[in-house]
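These notes are about the structure you will find just below.
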Amino acid sequence: MTVDLGFPNVRGTVHDPSRPDTPALLDRWGRVATDLRVSLTDRCNLRCTYCMPAEGLDWLAKDRLLTDEELIRLIGLAVHRLGVTEVRFTGGEPLLRRGLEGIVEATAALRPRPNISMTTNGIGLARRAGALAAAGLDRVNVSLDTLRPERFETLSRRDRLADVLAGLAAARETSLSPVKVNTVLMRGINDDEAVPLLGYCLERGYQLRFIEQMPLDPQHGWDRRNMVTAEEILDRLSTEFTLSPAEEPRDAAPAERWLVNGGPAVVGIIASVTRPFCAACDRTRLTADGQLRSCLFSQTETDLRGPLRAGAGDDELATIWRDVMWAKPAGHGINRADFAQPDRPMSAIGG
């Protein structure tokens, strides 16, 4: 039995004549989106308990996914017409996308060239890091929630910790830097590993970023009481390390950065729930099936795949994209009483 991903609540765009005549992805709150998150697939080779059920999900049919050519066209449109300067490939697990190296290479050939990164679980990265770097990938973020093999298997329902650690090492050796590690701490599950994880990353030159657990699971079982907060993470790290705020401006970066023992090593904390950073958000999102999302927690999506396949020109597609971002809400609203979790989980939306 599989769990349905849920169909996106797709809407058409309504052009707002009050939108300023600018090519940028501007919203009515004055933010400009320059960071494009591109989901390449909803599939994953892990079954992490906080992301999907053991039996998996009802994956998207192949004909619903954007082809390589369609992806490359839309990424090029974002860079050439809409002011995007950073492209992050996500999933599901992006390493499961056939043609990944070709998509990266085509993105790197764009002018102006965007910064290109990828968020991955690291499985398979060891054998592909060199080819991805040669294609133009600049750096990677690798998800790692535990250093204990038995706990990794319990959390992910797969015995693949050694593959993840090998992928991290290969990324470092291939100069996909900085190599960033993403960790979600969960109360009573892995929250005792904050200090060991930071020590492991410091020894190897990885940049660790702790992420507060967000309500993006398909079971809709997220419970705030089980979330380890940014304040708790800082308290736990401070038992072994001296932390001080980094001096450089945070700008639109999601992570608060802390110098470890005076630096230069840093640790980041992404407090999406307890310290929202929506006011500085610079992201726009494209799902693997060609839907635009202005926010990770959007309740609606706007279809680009349909117009694209119907023969829409770049001007029409760019107008749709700009209108979507102009209507972006002020924030995700997690801390409001009327907050509603998106129908589609993180694996379908893209990180």
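Numbering starts fresh at 1 for the residues of each chain in the structure tokens, the chains themselves are lettered A, B, ... in the order given, and ligands are numbered from 1 as they appear.
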
Could you list, as an MDAnalysis selection string, every residue within 7 Å of Ser294 (chain A), counting only C-alpha atoms and ignoring same-chain residues fewer than 4 positions away?
chainID A and resid 284:285 298 324:325 328

Take the residues from that selection and write them out as a PDB file, in the first residue's frame, keeping all heavy atoms.
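What ended up in selection12.pdb:
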ATOM      1  N   THR A 284      12.289  31.047  -5.010  1.00  0.00           N
ATOM      2  CA  THR A 284      11.167  30.653  -5.854  1.00  0.00           C
ATOM      3  C   THR A 284      11.359  29.179  -6.162  1.00  0.00           C
ATOM      4  O   THR A 284      12.502  28.702  -6.206  1.00  0.00           O
ATOM      5  CB  THR A 284      11.112  31.505  -7.142  1.00  0.00           C
ATOM      6  OG1 THR A 284       9.957  31.150  -7.908  1.00  0.00           O
ATOM      7  CG2 THR A 284      12.348  31.348  -8.001  1.00  0.00           C
ATOM      8  N   ARG A 285      10.268  28.432  -6.352  1.00  0.00           N
ATOM      9  CA  ARG A 285      10.359  26.973  -6.414  1.00  0.00           C
ATOM     10  C   ARG A 285       9.654  26.417  -7.639  1.00  0.00           C
ATOM     11  O   ARG A 285       8.552  26.856  -7.994  1.00  0.00           O
ATOM     12  CB  ARG A 285       9.756  26.352  -5.148  1.00  0.00           C
ATOM     13  CG  ARG A 285      10.481  26.770  -3.884  1.00  0.00           C
ATOM     14  CD  ARG A 285       9.822  26.216  -2.628  1.00  0.00           C
ATOM     15  NE  ARG A 285      10.539  26.678  -1.454  1.00  0.00           N
ATOM     16  CZ  ARG A 285      11.607  26.076  -0.940  1.00  0.00           C
ATOM     17  NH1 ARG A 285      12.053  24.962  -1.509  1.00  0.00           N
ATOM     18  NH2 ARG A 285      12.215  26.567   0.117  1.00  0.00           N
ATOM     19  N   SER A 298       3.200  26.877   0.566  1.00  0.00           N
ATOM     20  CA  SER A 298       2.062  27.349  -0.227  1.00  0.00           C
ATOM     21  C   SER A 298       0.941  26.313  -0.258  1.00  0.00           C
ATOM     22  O   SER A 298       1.184  25.107  -0.338  1.00  0.00           O
ATOM     23  CB  SER A 298       2.500  27.641  -1.665  1.00  0.00           C
ATOM     24  OG  SER A 298       3.383  28.727  -1.723  1.00  0.00           O
ATOM     25  N   VAL A 324       3.042  34.972 -10.139  1.00  0.00           N
ATOM     26  CA  VAL A 324       3.047  34.062  -8.990  1.00  0.00           C
ATOM     27  C   VAL A 324       3.818  34.684  -7.831  1.00  0.00           C
ATOM     28  O   VAL A 324       3.361  34.699  -6.682  1.00  0.00           O
ATOM     29  CB  VAL A 324       3.661  32.700  -9.373  1.00  0.00           C
ATOM     30  CG1 VAL A 324       3.988  31.869  -8.131  1.00  0.00           C
ATOM     31  CG2 VAL A 324       2.711  31.925 -10.273  1.00  0.00           C
ATOM     32  N   MET A 325       4.984  35.199  -8.108  1.00  0.00           N
ATOM     33  CA  MET A 325       5.809  35.754  -7.043  1.00  0.00           C
ATOM     34  C   MET A 325       5.260  37.072  -6.501  1.00  0.00           C
ATOM     35  O   MET A 325       5.419  37.371  -5.312  1.00  0.00           O
ATOM     36  CB  MET A 325       7.252  35.931  -7.536  1.00  0.00           C
ATOM     37  CG  MET A 325       7.932  34.622  -7.935  1.00  0.00           C
ATOM     38  SD  MET A 325       7.827  33.323  -6.677  1.00  0.00           S
ATOM     39  CE  MET A 325       8.773  34.058  -5.343  1.00  0.00           C
ATOM     40  N   LYS A 328       3.028  36.385  -3.613  1.00  0.00           N
ATOM     41  CA  LYS A 328       3.605  35.635  -2.501  1.00  0.00           C
ATOM     42  C   LYS A 328       3.156  36.221  -1.158  1.00  0.00           C
ATOM     43  O   LYS A 328       3.173  37.435  -0.962  1.00  0.00           O
ATOM     44  CB  LYS A 328       5.139  35.675  -2.591  1.00  0.00           C
ATOM     45  CG  LYS A 328       5.861  34.917  -1.493  1.00  0.00           C
ATOM     46  CD  LYS A 328       7.357  34.890  -1.768  1.00  0.00           C
ATOM     47  CE  LYS A 328       8.100  34.118  -0.685  1.00  0.00           C
ATOM     48  NZ  LYS A 328       9.505  33.872  -1.050  1.00  0.00           N
TER      49      LYS A 328
END

Would you pick out the contacts of Val38 (chain A) at 8 Å or less, using only C-alpha atoms, so that residues sharing its chain but fewer than 2 positions from it are not included, and give the list as a PDB file with C-alpha atoms, in the first residue's frame?
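File written: result.pdb
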ATOM      1  CA  LEU A  36      15.589  28.992  -7.628  1.00  0.00           C
ATOM      2  CA  LEU A  40      14.204  16.907 -10.237  1.00  0.00           C
ATOM      3  CA  VAL A  87      20.015  27.298  -8.721  1.00  0.00           C
ATOM      4  CA  ARG A  88      19.643  24.492  -6.174  1.00  0.00           C
ATOM      5  CA  PHE A  89      18.698  20.998  -7.386  1.00  0.00           C
ATOM      6  CA  THR A  90      16.583  19.016  -4.952  1.00  0.00           C
ATOM      7  CA  GLY A  91      14.219  16.048  -4.843  1.00  0.00           C
ATOM      8  CA  ARG A 285      10.359  26.973  -6.414  1.00  0.00           C
ATOM      9  CA  LEU A 286       9.746  24.693  -9.386  1.00  0.00           C
ATOM     10  CA  THR A 287       8.477  21.175  -8.702  1.00  0.00           C
ATOM     11  CA  ALA A 288       9.440  18.110 -10.727  1.00  0.00           C
ATOM     12  CA  GLY A 350      11.460  19.849  -3.213  1.00  0.00           C
TER      13      GLY A 350
END

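Closest approach to Val273 (chain A) among A:Gly331, A:Gly92, A:Gly188, A:Gly313: A:Gly331, based on only C-alpha atoms.
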
Tell me, as an MDAnalysis selection string, which residues lie within 7 Å of Ala246 (chain A), counting only C-alpha atoms; anything in the same chain fewer than 3 positions away does not count.
chainID A and resid 257:259

Go through A:Ala129, A:Ile189, A:Leu77, A:Val32 one by one, measure the shortest atom-to-atom distance of each to Ala280 (chain A) using only C-alpha atoms, and give the residue with the smallest value.
A:Val32

Sel. of alpha helix (DSSP H) residues, region 120-338 of chain A, as a ChimeraX atom specification
/A:125-135,149-156,161-173,194-204,230-237,305-309,314-326
